[in-house]
>>> print(open('upload.txt').read())   # compact mmCIF, C-alpha atoms
# COMPACT_ATOMS: atom_id res chain seq x y z
CA MET A 1146 0.00 0.00 0.00
CA LYS A 1147 2.79 2.37 0.94
CA ALA A 1148 4.64 1.45 -2.25
CA LYS A 1149 1.57 2.30 -4.37
CA THR A 1150 1.16 5.62 -2.58
CA LYS A 1151 4.83 6.44 -3.14
CA ILE A 1152 4.57 5.55 -6.83
CA LYS A 1153 1.43 7.67 -7.18
CA LYS A 1154 3.15 10.68 -5.58
CA THR A 1155 6.18 10.22 -7.85
CA VAL A 1156 3.97 10.05 -10.96
CA ASN A 1157 2.00 13.13 -9.90
CA SER A 1158 5.20 15.04 -9.14
CA GLY A 1159 6.67 14.04 -12.49
CA ALA A 1160 3.51 15.09 -14.33
CA VAL A 1161 3.52 18.49 -12.63
CA THR A 1162 7.21 18.97 -13.41
CA PHE A 1163 6.65 18.03 -17.06
CA ALA A 1164 3.69 20.41 -17.33
CA VAL A 1165 5.74 23.26 -15.84
CA LEU A 1166 8.62 22.57 -18.24
CA VAL A 1167 6.24 22.58 -21.21
CA MET A 1168 4.74 25.90 -20.10
CA CYS A 1169 8.21 27.39 -19.62
CA PHE A 1170 9.22 26.22 -23.09
CA ILE A 1171 6.10 27.73 -24.65
CA SER A 1172 6.72 31.01 -22.82
CA VAL A 1173 10.46 31.31 -23.47
CA MET A 1174 10.66 29.96 -27.03
CA PRO A 1175 9.13 33.04 -28.78
CA TYR A 1176 11.52 35.34 -26.92
CA PHE A 1177 14.48 33.07 -27.71
CA TYR A 1178 13.50 33.04 -31.40
CA MET A 1179 13.18 36.84 -31.41
CA VAL A 1180 16.71 37.19 -30.01
CA ILE A 1181 18.05 34.78 -32.63
CA VAL A 1182 16.38 36.69 -35.48
CA SER A 1183 17.78 39.99 -34.17
CA PHE A 1184 21.30 38.74 -34.89
CA LYS A 1185 20.51 37.48 -38.38
CA ASP A 1186 21.28 39.22 -41.63
CA LYS A 1187 18.28 40.34 -43.66
CA ARG A 1188 18.81 37.58 -46.21
CA LEU A 1189 18.86 34.83 -43.56
CA VAL A 1190 15.58 35.95 -42.00
CA TYR A 1191 13.56 34.98 -45.08
CA MET A 1192 15.44 31.74 -45.72
CA PRO A 1193 14.41 28.35 -44.26
CA GLU A 1194 15.25 28.17 -40.57
CA VAL A 1195 19.01 28.39 -40.06
CA TRP A 1196 20.16 27.94 -36.46
CA ILE A 1197 23.89 28.01 -37.14
CA PHE A 1198 24.96 31.30 -38.73
CA LYS A 1199 27.41 34.14 -38.36
CA PRO A 1200 25.78 36.70 -36.02
CA THR A 1201 25.70 40.34 -37.03
CA PHE A 1202 24.92 43.54 -35.12
CA ILE A 1203 23.67 45.42 -38.19
CA ASN A 1204 20.07 45.35 -36.95
CA TYR A 1205 21.05 46.93 -33.62
CA ILE A 1206 23.15 49.55 -35.40
CA ASN A 1207 20.24 50.43 -37.68
CA ILE A 1208 17.65 50.83 -34.92
CA PHE A 1209 19.88 53.28 -33.04
CA GLN A 1210 21.29 55.21 -36.01
CA LYS A 1211 18.45 55.07 -38.54
CA ASN A 1212 15.39 54.84 -36.27
CA ASN A 1213 16.76 56.77 -33.28
CA LEU A 1214 15.77 54.13 -30.72
CA GLY A 1215 17.66 55.99 -27.99
CA HIS A 1216 15.09 58.81 -28.15
CA TYR A 1217 12.24 56.35 -27.60
CA LEU A 1218 14.08 54.61 -24.75
CA ILE A 1219 14.58 57.92 -22.93
CA ASN A 1220 10.90 58.78 -23.33
CA SER A 1221 9.84 55.36 -22.07
CA ALA A 1222 12.17 55.59 -19.06
CA ILE A 1223 10.97 59.08 -18.07
CA ILE A 1224 7.29 58.23 -18.43
CA SER A 1225 7.48 54.77 -16.84
CA PHE A 1226 9.52 55.70 -13.76
CA ALA A 1227 7.62 58.95 -13.10
CA ASN A 1228 4.31 57.14 -13.46
CA CYS A 1229 5.49 54.30 -11.21
CA ILE A 1230 6.49 56.70 -8.43
CA LEU A 1231 3.19 58.59 -8.61
CA SER A 1232 1.16 55.37 -8.81
CA LEU A 1233 2.88 53.88 -5.76
CA THR A 1234 2.52 57.10 -3.76
CA LEU A 1235 -1.13 57.84 -4.53
CA GLY A 1236 -2.21 54.21 -4.80
CA SER A 1237 -0.58 53.16 -1.51
CA MET A 1238 -2.24 56.00 0.39
CA THR A 1239 -5.61 55.06 -1.11
CA ALA A 1240 -5.06 51.38 -0.34
CA TYR A 1241 -4.13 52.21 3.25
CA ALA A 1242 -7.32 54.23 3.66
CA LEU A 1243 -9.41 51.34 2.31
CA ALA A 1244 -7.60 48.86 4.56
CA ARG A 1245 -7.75 50.82 7.83
CA TYR A 1246 -10.57 53.37 7.75
CA LYS A 1247 -14.25 52.54 8.03
CA PHE A 1248 -16.63 54.64 5.95
CA LYS A 1249 -19.78 54.18 3.93
CA ARG A 1250 -19.56 52.57 0.50
CA LYS A 1251 -15.94 51.63 0.99
CA GLU A 1252 -16.36 48.52 -1.12
CA GLY A 1253 -18.10 50.65 -3.72
CA VAL A 1254 -14.94 52.72 -4.06
CA ALA A 1255 -12.89 49.54 -4.47
CA PHE A 1256 -15.30 48.28 -7.14
CA TYR A 1257 -15.13 51.61 -8.97
CA LEU A 1258 -11.33 51.37 -9.09
CA LEU A 1259 -11.57 47.82 -10.41
CA PHE A 1260 -14.05 48.99 -13.05
CA ILE A 1261 -11.60 51.66 -14.22
CA ARG A 1262 -8.84 49.05 -14.41
CA ILE A 1263 -10.80 46.70 -16.67
CA LEU A 1264 -12.20 49.47 -18.90
CA PRO A 1265 -10.78 49.13 -22.46
CA ALA A 1266 -8.29 51.86 -23.35
CA VAL A 1267 -10.03 52.71 -26.63
CA VAL A 1268 -13.15 53.81 -24.72
CA SER A 1269 -11.35 56.75 -23.12
CA VAL A 1270 -9.00 57.77 -25.94
CA ILE A 1271 -11.32 60.32 -27.61
CA PRO A 1272 -12.39 62.10 -24.38
CA LEU A 1273 -8.78 62.22 -23.22
CA TYR A 1274 -7.64 63.59 -26.58
CA VAL A 1275 -10.27 66.36 -26.52
CA LEU A 1276 -9.45 67.23 -22.91
CA ALA A 1277 -5.70 67.25 -23.57
CA ALA A 1278 -6.15 69.46 -26.64
CA TRP A 1279 -8.25 71.90 -24.59
CA MET A 1280 -5.58 71.98 -21.86
CA LYS A 1281 -2.83 72.24 -24.51
CA ILE A 1282 -0.82 69.31 -23.14
CA LEU A 1283 -0.97 67.05 -26.19
CA ASP A 1284 2.31 65.38 -27.09
CA THR A 1285 3.88 65.93 -23.66
CA HIS A 1286 5.39 63.64 -21.05
CA VAL A 1287 2.94 65.03 -18.49
CA LEU A 1288 -0.04 63.80 -20.50
CA LEU A 1289 1.15 60.19 -20.81
CA ILE A 1290 2.34 60.07 -17.19
CA THR A 1291 -1.08 61.28 -16.04
CA VAL A 1292 -3.06 59.02 -18.39
CA TYR A 1293 -1.11 55.94 -17.30
CA LEU A 1294 -2.30 56.62 -13.75
CA LEU A 1295 -5.74 55.48 -14.94
CA PHE A 1296 -4.67 51.83 -14.97
CA ASN A 1297 -1.71 51.80 -12.57
CA ILE A 1298 -3.34 53.49 -9.55
CA PRO A 1299 -6.26 51.00 -9.47
CA TYR A 1300 -3.77 48.15 -9.83
CA THR A 1301 -1.64 49.53 -6.97
CA VAL A 1302 -4.70 49.93 -4.73
CA LEU A 1303 -5.93 46.40 -5.40
CA MET A 1304 -2.47 44.94 -4.74
CA MET A 1305 -1.45 47.00 -1.71
CA ARG A 1306 -4.76 46.81 0.13
CA GLY A 1307 -4.19 43.13 0.84
CA PHE A 1308 -0.66 43.74 2.08
CA PHE A 1309 -1.76 46.52 4.44
CA GLU A 1310 -4.57 44.37 5.83
CA GLU A 1311 -2.02 41.69 6.74
CA ILE A 1312 -0.09 44.07 9.00
CA PRO A 1313 -1.36 43.79 12.61
CA VAL A 1314 -3.20 46.87 13.84
CA GLU A 1315 -1.34 46.53 17.15
CA VAL A 1316 1.89 47.59 15.43
CA GLU A 1317 0.33 50.87 14.38
CA GLU A 1318 -1.25 51.38 17.79
CA ALA A 1319 2.17 50.98 19.41
CA ALA A 1320 3.60 53.60 17.03
CA THR A 1321 0.75 55.96 17.90
CA ILE A 1322 1.42 55.51 21.62
CA ASP A 1323 5.07 56.41 20.96
CA GLY A 1324 3.90 59.73 19.52
CA CYS A 1325 3.76 59.06 15.78
CA THR A 1326 1.08 60.74 13.72
CA ARG A 1327 -0.95 58.75 11.21
CA LEU A 1328 1.29 59.90 8.36
CA GLN A 1329 4.46 59.07 10.33
CA THR A 1330 3.07 55.65 11.19
CA LEU A 1331 2.38 55.02 7.51
CA SER A 1332 5.81 56.17 6.30
CA LYS A 1333 8.01 54.80 9.12
CA VAL A 1334 6.19 51.63 10.18
CA VAL A 1335 3.62 50.41 7.66
CA ILE A 1336 5.49 51.08 4.42
CA PRO A 1337 8.72 49.30 5.55
CA LEU A 1338 6.67 46.26 6.60
CA ALA A 1339 4.87 46.26 3.26
CA MET A 1340 8.07 46.78 1.23
CA PRO A 1341 7.96 43.33 -0.48
CA GLY A 1342 4.49 44.16 -1.74
CA LEU A 1343 5.61 47.59 -2.91
CA VAL A 1344 8.50 46.07 -4.85
CA ALA A 1345 6.24 43.52 -6.56
CA THR A 1346 3.68 46.21 -7.36
CA ALA A 1347 6.39 48.57 -8.65
CA ILE A 1348 7.65 45.96 -11.10
CA PHE A 1349 4.20 45.40 -12.59
CA CYS A 1350 3.50 49.15 -12.72
CA LEU A 1351 6.76 49.67 -14.61
CA ILE A 1352 5.95 46.86 -17.02
CA ASN A 1353 2.41 48.18 -17.57
CA ALA A 1354 3.67 51.69 -18.33
CA TRP A 1355 6.65 50.49 -20.39
CA ASN A 1356 4.53 48.23 -22.63
CA GLU A 1357 1.50 50.52 -23.10
CA PHE A 1358 0.76 51.12 -26.77
CA VAL A 1359 -2.73 52.56 -27.39
CA TYR A 1360 -2.41 55.84 -25.48
CA ALA A 1361 1.22 56.34 -26.51
CA SER A 1362 0.44 55.98 -30.21
CA LEU A 1363 -2.76 58.07 -30.28
CA LEU A 1364 -2.00 60.86 -27.79
CA SER A 1365 1.57 61.65 -28.84
CA THR A 1366 3.86 62.06 -31.83
CA PHE A 1367 7.59 61.59 -32.35
CA LYS A 1368 8.41 64.07 -29.59
CA VAL A 1369 7.28 61.81 -26.72
CA ASN A 1370 6.57 58.48 -28.41
CA THR A 1371 7.64 55.41 -26.43
CA VAL A 1372 9.40 52.20 -27.46
CA PRO A 1373 6.26 50.13 -28.28
CA THR A 1374 5.18 52.72 -30.86
CA ILE A 1375 8.36 52.30 -32.90
CA VAL A 1376 7.13 48.87 -33.99
CA GLN A 1377 4.90 50.64 -36.51
CA LEU A 1378 7.99 51.88 -38.36
CA TYR A 1379 8.98 48.35 -39.38
CA LYS A 1380 5.76 47.61 -41.27
CA SER A 1381 5.31 49.06 -44.73
CA VAL A 1382 3.92 48.23 -48.15
CA SER A 1383 7.13 46.41 -49.06
CA GLY A 1384 6.89 44.13 -46.02
CA ILE A 1385 8.06 43.82 -42.43
CA VAL A 1386 11.67 44.36 -41.41
CA TRP A 1387 11.87 41.38 -39.07
CA GLY A 1388 15.51 41.79 -38.08
CA GLU A 1389 15.17 45.36 -36.83
CA MET A 1390 11.81 44.62 -35.24
CA SER A 1391 13.33 41.70 -33.32
CA ALA A 1392 16.30 43.82 -32.24
CA THR A 1393 13.93 46.50 -30.95
CA GLY A 1394 11.88 43.90 -29.09
CA THR A 1395 15.02 42.49 -27.49
CA ILE A 1396 16.21 45.92 -26.33
CA ALA A 1397 12.73 46.86 -25.11
CA THR A 1398 12.44 43.81 -22.86
CA LEU A 1399 15.91 44.05 -21.31
CA PRO A 1400 15.16 46.80 -18.73
CA ALA A 1401 12.21 44.89 -17.27
CA ILE A 1402 14.18 41.63 -17.19
CA ILE A 1403 17.21 43.23 -15.52
CA PHE A 1404 15.10 45.08 -12.95
CA ALA A 1405 13.09 41.95 -12.12
CA ALA A 1406 16.30 39.92 -11.75
CA LEU A 1407 17.76 42.47 -9.32
CA VAL A 1408 14.72 42.46 -7.04
CA GLN A 1409 13.47 38.91 -7.62
CA LYS A 1410 13.71 37.93 -3.94
CA GLN A 1411 11.56 40.85 -2.83
CA MET A 1412 9.16 40.25 -5.71
CA VAL A 1413 8.67 36.54 -4.88
CA ARG A 1414 8.25 37.37 -1.21
CA GLY A 1415 5.71 40.06 -2.00
CA LEU A 1416 3.68 37.86 -4.35
CA SER A 1417 3.79 35.03 -1.79
CA CYS A 1418 2.40 37.34 0.90
CA GLY A 1419 -0.38 38.37 -1.43
CA ALA A 1420 -1.14 34.73 -2.22
CA VAL A 1421 -1.42 33.89 1.47
CA LYS A 1422 -3.82 36.79 1.94
CA GLY A 1423 -5.98 35.60 -0.93
>>> encode(input="upload.txt", output="structure tokens")
Amino acid sequence: MKAKTKIKKTVNSGAVTFAVLVMCFISVMPYFYMVIVSFKDKRLVYMPEVWIFKPTFINYINIFQKNNLGHYLINSAIISFANCILSLTLGSMTAYALARYKFKRKEGVAFYLLFIRILPAVVSVIPLYVLAAWMKILDTHVLLITVYLLFNIPYTVLMMRGFFEEIPVEVEEAATIDGCTRLQTLSKVVIPLAMPGLVATAIFCLINAWNEFVYASLLSTFKVNTVPTIVQLYKSVSGIVWGEMSATGTIATLPAIIFAALVQKQMVRGLSCGAVKG
């Protein structure tokens, strides 16, 4: 009986491991193929699959010299990091209020934020364009930073509320007895305890802002366009420039990968805490 149970556990464990490996392969293979294509010459891209070839950096040279990718990277960095800081600041304060204060229709506020988060971007493009034109802030960093708050603040609130609710109220009461104000308690006690959650939330906010395409392409021009919008330059009547598009995709994903690798411990810890809460 024990032998059968042991065999069953081994089979189940092996099946789970195999399923995870298959999912990892499906997830990583497109990115791996994109990196390979980025180092191929234009002629090799359209030939039958060639895995052994002499790599070239011509695609990377072209996207920086011909398409001015550096300009788009700077715009993406400014908009993403500024939006992330504002989203974490405003969203964390809102989440703390929802987690600690008792007031009427509190859950209604949370539902409203969730509704904003799931609202399709195309629904709000025209009103935002008209409003931005009236305020004369079209094609500015301020516009995109502000617009991105529409989906990152609700996300921050929904994430951070759970983390704040996990922190014992007694810790805050002790800080209050020691003479801390509510704002001091939040900044010096609560935020440090919720740091893993903040790190995990920050990563996703950065990724959301970095990868956003609809608002960036319709509410701005070359002056403040971000990296995702440059993809349009590689599609024309004559075809798609796959090599340069793959090189751009590789460069565009590197910042998020590097940042996630640097803070992976805090991110895993934060997501684990959120999973326990759920």
>>> closest_residue(input="upload.txt", among="A:Phe1367, A:Tyr1241, A:Phe1248, A:Phe1296", to="Thr1330 (chain A)", atoms="all atoms listed in the file")
A:Tyr1241
>>> atom_distance(input="upload.txt", atom1="CA of Met1179 (chain A)", atom2="CA of Leu1364 (chain A)")
28.6 Å
>>> residues_around(input="upload.txt", residues="Tyr1176 (chain A)", least_positions_apart="4", cutoff="9 Å", atoms="all atoms listed in the file", output="JSON, numbers by chain")
{"A": [1172, 1180, 1181, 1394, 1395]}
>>> atom_distance(input="upload.txt", atom1="CA of Ile1282 (chain A)", atom2="CA of Leu1235 (chain A)")
21.9 Å
>>> atom_distance(input="upload.txt", atom1="CA of Ala1392 (chain A)", atom2="CA of Asn1204 (chain A)")
6.2 Å
>>> closest_residue(input="upload.txt", among="A:Tyr1360, A:Phe1309, A:Tyr1217, A:Phe1226", to="Pro1265 (chain A)", atoms="only C-alpha atoms")
A:Tyr1360
>>> closest_residue(input="upload.txt", among="A:Asn1297, A:Asn1356, A:Thr1162, A:Asn1213", to="Asn1228 (chain A)", atoms="all atoms listed in the file")
A:Asn1297
